[in-house]
file structure22.cif (mmCIF, C-alpha atoms, pLDDT in the B column; chains and numbers go by the auth columns)
data_work
#
loop_
_atom_site.group_PDB
_atom_site.id
_atom_site.type_symbol
_atom_site.label_atom_id
_atom_site.label_comp_id
_atom_site.label_asym_id
_atom_site.label_seq_id
_atom_site.Cartn_x
_atom_site.Cartn_y
_atom_site.Cartn_z
_atom_site.B_iso_or_equiv
_atom_site.auth_seq_id
_atom_site.auth_asym_id
ATOM 1 C CA MET A 1 -28.647 70.083 45.345 54.00 11 A
ATOM 2 C CA ASP A 2 -27.459 67.767 48.087 62.00 12 A
ATOM 3 C CA LYS A 3 -27.779 64.014 47.622 69.00 13 A
ATOM 4 C CA LYS A 4 -29.448 61.988 50.352 70.00 14 A
ATOM 5 C CA GLU A 5 -27.879 58.774 51.549 72.00 15 A
ATOM 6 C CA GLU A 6 -29.594 55.494 50.878 70.00 16 A
ATOM 7 C CA THR A 7 -30.775 53.841 54.084 72.00 17 A
ATOM 8 C CA HIS A 8 -30.694 50.145 54.809 69.00 18 A
ATOM 9 C CA GLU A 9 -34.498 50.038 54.770 73.00 19 A
ATOM 10 C CA SER A 10 -34.695 51.693 51.352 76.00 20 A
ATOM 11 C CA LYS A 11 -33.399 48.468 49.797 82.00 21 A
ATOM 12 C CA TYR A 12 -36.670 46.781 50.789 85.00 22 A
ATOM 13 C CA ILE A 13 -39.195 49.544 50.123 89.00 23 A
ATOM 14 C CA GLN A 14 -41.826 47.286 48.556 92.00 24 A
ATOM 15 C CA GLN A 15 -41.708 44.845 51.457 91.00 25 A
ATOM 16 C CA HIS A 16 -41.992 47.610 54.041 91.00 26 A
ATOM 17 C CA LEU A 17 -44.933 49.195 52.239 93.00 27 A
ATOM 18 C CA ALA A 18 -46.664 45.811 52.047 93.00 28 A
ATOM 19 C CA ASN A 19 -46.025 45.336 55.760 93.00 29 A
ATOM 20 C CA GLU A 20 -47.647 48.703 56.478 95.00 30 A
ATOM 21 C CA ARG A 21 -50.679 47.855 54.310 96.00 31 A
ATOM 22 C CA THR A 22 -51.071 44.566 56.152 94.00 32 A
ATOM 23 C CA TYR A 23 -50.887 46.373 59.485 95.00 33 A
ATOM 24 C CA LEU A 24 -53.586 48.822 58.413 96.00 34 A
ATOM 25 C CA ALA A 25 -55.770 45.923 57.244 95.00 35 A
ATOM 26 C CA TRP A 26 -55.472 44.336 60.695 92.00 36 A
ATOM 27 C CA ILE A 27 -56.422 47.660 62.298 96.00 37 A
ATOM 28 C CA ARG A 28 -59.525 47.856 60.078 96.00 38 A
ATOM 29 C CA THR A 29 -60.358 44.294 61.085 91.00 39 A
ATOM 30 C CA ALA A 30 -60.002 45.192 64.765 93.00 40 A
ATOM 31 C CA ILE A 31 -62.316 48.174 64.344 95.00 41 A
ATOM 32 C CA ALA A 32 -64.879 45.929 62.626 93.00 42 A
ATOM 33 C CA ILE A 33 -64.660 43.370 65.451 89.00 43 A
ATOM 34 C CA ILE A 34 -65.219 46.084 68.051 92.00 44 A
ATOM 35 C CA GLY A 35 -68.130 47.339 65.949 92.00 45 A
ATOM 36 C CA VAL A 36 -69.714 43.883 66.121 84.00 46 A
ATOM 37 C CA GLY A 37 -69.766 44.194 69.902 83.00 47 A
ATOM 38 C CA PHE A 38 -71.486 47.567 69.750 84.00 48 A
ATOM 39 C CA LEU A 39 -73.925 46.196 67.193 83.00 49 A
ATOM 40 C CA ALA A 40 -74.832 43.276 69.437 76.00 50 A
ATOM 41 C CA THR A 41 -75.523 45.573 72.354 76.00 51 A
ATOM 42 C CA THR A 42 -77.452 48.115 70.283 77.00 52 A
ATOM 43 C CA LEU A 43 -79.629 45.498 68.617 71.00 53 A
ATOM 44 C CA HIS A 44 -80.305 43.765 71.911 67.00 54 A
ATOM 45 C CA TYR A 45 -81.453 46.819 73.799 68.00 55 A
ATOM 46 C CA ASN A 46 -83.699 47.883 70.904 64.00 56 A
ATOM 47 C CA THR A 47 -85.714 44.659 71.055 63.00 57 A
ATOM 48 C CA PRO A 48 -88.847 44.358 73.190 63.00 58 A
ATOM 49 C CA LEU A 49 -87.772 41.073 74.820 59.00 59 A
ATOM 50 C CA VAL A 50 -85.784 41.504 77.990 63.00 60 A
ATOM 51 C CA ASP A 51 -84.624 38.208 79.416 70.00 61 A
ATOM 52 C CA ILE A 52 -81.701 37.715 81.793 72.00 62 A
ATOM 53 C CA TYR A 53 -80.130 35.156 79.451 72.00 63 A
ATOM 54 C CA ASP A 54 -80.493 37.474 76.467 72.00 64 A
ATOM 55 C CA GLN A 55 -78.902 40.340 78.374 77.00 65 A
ATOM 56 C CA THR A 56 -76.054 38.181 79.606 79.00 66 A
ATOM 57 C CA LEU A 57 -75.315 36.815 76.146 77.00 67 A
ATOM 58 C CA ALA A 58 -75.453 40.275 74.537 79.00 68 A
ATOM 59 C CA ILE A 59 -73.098 41.667 77.160 81.00 69 A
ATOM 60 C CA LEU A 60 -70.723 38.699 76.733 83.00 70 A
ATOM 61 C CA ILE A 61 -70.645 39.184 72.963 81.00 71 A
ATOM 62 C CA SER A 62 -69.932 42.892 73.430 86.00 72 A
ATOM 63 C CA ILE A 63 -67.161 42.410 75.977 88.00 73 A
ATOM 64 C CA PHE A 64 -65.619 39.546 74.016 86.00 74 A
ATOM 65 C CA SER A 65 -65.643 41.590 70.799 87.00 75 A
ATOM 66 C CA LEU A 66 -64.083 44.592 72.522 90.00 76 A
ATOM 67 C CA LEU A 67 -61.322 42.510 74.085 91.00 77 A
ATOM 68 C CA LEU A 68 -60.705 40.660 70.841 88.00 78 A
ATOM 69 C CA GLY A 69 -60.474 43.955 68.942 92.00 79 A
ATOM 70 C CA LEU A 70 -57.961 45.314 71.433 94.00 80 A
ATOM 71 C CA LEU A 71 -55.971 42.066 71.311 91.00 81 A
ATOM 72 C CA THR A 72 -55.968 42.275 67.513 90.00 82 A
ATOM 73 C CA ILE A 73 -54.545 45.804 67.632 95.00 83 A
ATOM 74 C CA ILE A 74 -51.822 44.755 70.073 95.00 84 A
ATOM 75 C CA MET A 75 -50.919 41.626 68.098 91.00 85 A
ATOM 76 C CA ALA A 76 -50.950 43.508 64.772 92.00 86 A
ATOM 77 C CA THR A 77 -48.563 46.095 66.188 96.00 87 A
ATOM 78 C CA LEU A 78 -46.191 43.462 67.560 93.00 88 A
ATOM 79 C CA ILE A 79 -46.248 41.509 64.306 91.00 89 A
ATOM 80 C CA TYR A 80 -45.680 44.698 62.292 94.00 90 A
ATOM 81 C CA PHE A 81 -42.480 45.455 64.210 95.00 91 A
ATOM 82 C CA ARG A 82 -41.353 41.816 64.082 93.00 92 A
ATOM 83 C CA ASN A 83 -41.900 41.734 60.313 92.00 93 A
ATOM 84 C CA ARG A 84 -40.111 45.076 59.922 92.00 94 A
ATOM 85 C CA ASN A 85 -37.077 43.676 61.672 92.00 95 A
ATOM 86 C CA ASN A 86 -37.252 40.383 59.752 92.00 96 A
ATOM 87 C CA ILE A 87 -37.481 42.216 56.417 91.00 97 A
ATOM 88 C CA ASN A 88 -34.391 44.256 57.239 89.00 98 A
ATOM 89 C CA THR A 89 -32.414 41.171 58.304 90.00 99 A
ATOM 90 C CA GLN A 90 -33.840 39.028 55.452 88.00 100 A
ATOM 91 C CA THR A 91 -35.106 36.411 57.930 88.00 101 A
ATOM 92 C CA PHE A 92 -38.823 36.801 57.229 79.00 102 A
ATOM 93 C CA HIS A 93 -41.220 33.911 57.962 78.00 103 A
ATOM 94 C CA SER A 94 -44.957 34.182 57.373 77.00 104 A
ATOM 95 C CA SER A 95 -47.192 33.999 60.442 75.00 105 A
ATOM 96 C CA TYR A 96 -49.884 31.368 60.079 82.00 106 A
ATOM 97 C CA LYS A 97 -50.631 31.003 63.801 80.00 107 A
ATOM 98 C CA LEU A 98 -52.337 34.404 63.993 76.00 108 A
ATOM 99 C CA ILE A 99 -54.508 33.514 60.996 82.00 109 A
ATOM 100 C CA ILE A 100 -55.612 30.249 62.607 88.00 110 A
ATOM 101 C CA PHE A 101 -56.277 31.994 65.923 81.00 111 A
ATOM 102 C CA MET A 102 -58.327 34.813 64.376 79.00 112 A
ATOM 103 C CA THR A 103 -60.354 32.389 62.256 88.00 113 A
ATOM 104 C CA THR A 104 -61.195 30.348 65.354 90.00 114 A
ATOM 105 C CA VAL A 105 -62.182 33.397 67.370 80.00 115 A
ATOM 106 C CA ILE A 106 -64.345 34.881 64.596 80.00 116 A
ATOM 107 C CA GLY A 107 -66.038 31.480 64.275 88.00 117 A
ATOM 108 C CA PHE A 108 -66.716 31.565 68.011 84.00 118 A
ATOM 109 C CA ILE A 109 -68.259 35.051 67.758 77.00 119 A
ATOM 110 C CA LEU A 110 -70.479 33.870 64.901 82.00 120 A
ATOM 111 C CA LEU A 111 -71.524 30.891 67.022 86.00 121 A
ATOM 112 C CA LEU A 112 -72.446 33.250 69.877 78.00 122 A
ATOM 113 C CA PHE A 113 -74.517 35.329 67.467 77.00 123 A
ATOM 114 C CA ALA A 114 -76.273 32.192 66.224 84.00 124 A
ATOM 115 C CA VAL A 115 -77.100 31.162 69.797 80.00 125 A
ATOM 116 C CA TYR A 116 -78.263 34.676 70.597 72.00 126 A
ATOM 117 C CA TYR A 117 -80.636 34.850 67.629 74.00 127 A
ATOM 118 C CA LEU A 118 -81.968 31.341 68.267 78.00 128 A
ATOM 119 C CA ILE A 119 -82.880 32.413 71.814 70.00 129 A
ATOM 120 C CA LEU A 120 -84.732 35.456 70.527 61.00 130 A
#

call {"tool": "encode", "arguments": {"input": "structure22.cif", "output": "structure tokens"}}
result
Amino acid sequence: MDKKEETHESKYIQQHLANERTYLAWIRTAIAIIGVGFLATTLHYNTPLVDIYDQTLAILISIFSLLLGLLTIIMATLIYFRNRNNINTQTFHSSYKLIIFMTTVIGFILLLFAVYYLIL
């Protein structure tokens, strides 16, 4: 039986696995955000009221959610690779800016939904 060599990354297995779980959680979040956009459009076009402001707001929510979901996927991927490198070099710093940004954007989407349902 031949013995395999230990890699540099194998010293930090737990950290790398946690980094991968975090990445997958961000991907699930992105899919949910994109789903909100589809939900807004689907619910809007299934209602009997058809107003230009309603249509515009529903389309804006959909486009904004799609773009935010794509941005989340891109940012999650970049942060995953940054964290991977920082774990290997033992220079890891937590990223609070992304959390603040995402919280603000989700709040904005909820505000758009509130405005949309108040108009209906």

call {"tool": "closest_residue", "arguments": {"input": "structure22.cif", "among": "A:Leu108, A:Val115, A:Ile62, A:Leu120", "to": "Leu77 in chain A", "atoms": "all atoms listed in the file"}}
result
A:Val115

call {"tool": "atom_distance", "arguments": {"input": "structure22.cif", "atom1": "CA of Phe118 in chain A", "atom2": "CA of Leu78 in chain A"}}
result
11.3 Å

call {"tool": "atom_distance", "arguments": {"input": "structure22.cif", "atom1": "CA of Ile110 in chain A", "atom2": "CA of Ile83 in chain A"}}
result
16.4 Å

call {"tool": "residues_around", "arguments": {"input": "structure22.cif", "residues": "Glu30 in chain A", "least_positions_apart": "3", "cutoff": "12 Å", "atoms": "all atoms listed in the file", "output": "list in words"}}
result
Ile23, Gln24, Gln25, His26, Leu27, Tyr33, Leu34, Ala35, Trp36, Ile37, Ala86, Thr87, Ile89, Tyr90, Phe91, Asn93 and Arg94 of chain A

call {"tool": "closest_residue", "arguments": {"input": "structure22.cif", "among": "A:Asp64, A:Val125, A:Leu49, A:Tyr22", "to": "Thr99 in chain A", "atoms": "all atoms listed in the file"}}
result
A:Tyr22

call {"tool": "residues_near_point", "arguments": {"input": "structure22.cif", "point": "(-59.5, 37.7, 70.8)", "cutoff": "12 Å", "atoms": "only C-alpha atoms", "output": "count of residues only"}}
result
32

call {"tool": "decode", "arguments": {"input": "structure22.cif", "residues": "range 59-102 of chain A", "atoms": "C-alpha atoms", "output": "PDB file, in the first residue's frame"}}
result
ATOM      1  CA  LEU A  59     -55.255  44.868 -11.829  1.00  0.00           C
ATOM      2  CA  VAL A  60     -53.027  46.058 -14.624  1.00  0.00           C
ATOM      3  CA  ASP A  61     -51.622  49.499 -13.973  1.00  0.00           C
ATOM      4  CA  ILE A  62     -48.493  50.963 -15.556  1.00  0.00           C
ATOM      5  CA  TYR A  63     -47.023  51.724 -12.127  1.00  0.00           C
ATOM      6  CA  ASP A  64     -47.725  48.202 -10.902  1.00  0.00           C
ATOM      7  CA  GLN A  65     -46.096  46.699 -13.980  1.00  0.00           C
ATOM      8  CA  THR A  66     -43.072  48.949 -13.701  1.00  0.00           C
ATOM      9  CA  LEU A  67     -42.570  48.173 -10.023  1.00  0.00           C
ATOM     10  CA  ALA A  68     -42.980  44.415 -10.559  1.00  0.00           C
ATOM     11  CA  ILE A  69     -40.472  44.475 -13.400  1.00  0.00           C
ATOM     12  CA  LEU A  70     -38.024  46.548 -11.315  1.00  0.00           C
ATOM     13  CA  ILE A  71     -38.281  44.103  -8.415  1.00  0.00           C
ATOM     14  CA  SER A  72     -37.680  41.189 -10.785  1.00  0.00           C
ATOM     15  CA  ILE A  73     -34.688  42.747 -12.523  1.00  0.00           C
ATOM     16  CA  PHE A  74     -33.202  43.972  -9.249  1.00  0.00           C
ATOM     17  CA  SER A  75     -33.576  40.526  -7.664  1.00  0.00           C
ATOM     18  CA  LEU A  76     -31.999  38.814 -10.663  1.00  0.00           C
ATOM     19  CA  LEU A  77     -29.036  41.184 -10.708  1.00  0.00           C
ATOM     20  CA  LEU A  78     -28.619  40.939  -6.954  1.00  0.00           C
ATOM     21  CA  GLY A  79     -28.679  37.134  -7.140  1.00  0.00           C
ATOM     22  CA  LEU A  80     -26.023  37.139  -9.844  1.00  0.00           C
ATOM     23  CA  LEU A  81     -23.922  39.641  -7.882  1.00  0.00           C
ATOM     24  CA  THR A  82     -24.245  37.419  -4.811  1.00  0.00           C
ATOM     25  CA  ILE A  83     -22.958  34.411  -6.758  1.00  0.00           C
ATOM     26  CA  ILE A  84     -20.001  36.392  -8.103  1.00  0.00           C
ATOM     27  CA  MET A  85     -19.143  37.881  -4.704  1.00  0.00           C
ATOM     28  CA  ALA A  86     -19.526  34.513  -2.939  1.00  0.00           C
ATOM     29  CA  THR A  87     -17.134  32.917  -5.415  1.00  0.00           C
ATOM     30  CA  LEU A  88     -14.553  35.678  -5.020  1.00  0.00           C
ATOM     31  CA  ILE A  89     -14.804  35.568  -1.235  1.00  0.00           C
ATOM     32  CA  TYR A  90     -14.533  31.764  -1.251  1.00  0.00           C
ATOM     33  CA  PHE A  91     -11.217  31.910  -3.114  1.00  0.00           C
ATOM     34  CA  ARG A  92      -9.961  34.805  -0.976  1.00  0.00           C
ATOM     35  CA  ASN A  93     -10.816  32.886   2.202  1.00  0.00           C
ATOM     36  CA  ARG A  94      -9.201  29.731   0.801  1.00  0.00           C
ATOM     37  CA  ASN A  95      -5.978  31.609   0.242  1.00  0.00           C
ATOM     38  CA  ASN A  96      -6.181  33.350   3.631  1.00  0.00           C
ATOM     39  CA  ILE A  97      -6.761  30.034   5.421  1.00  0.00           C
ATOM     40  CA  ASN A  98      -3.697  28.524   3.774  1.00  0.00           C
ATOM     41  CA  THR A  99      -1.517  31.529   4.652  1.00  0.00           C
ATOM     42  CA  GLN A 100      -3.089  31.902   8.138  1.00  0.00           C
ATOM     43  CA  THR A 101      -4.039  35.532   7.420  1.00  0.00           C
ATOM     44  CA  PHE A 102      -7.814  35.120   7.615  1.00  0.00           C
TER      45      PHE A 102
END
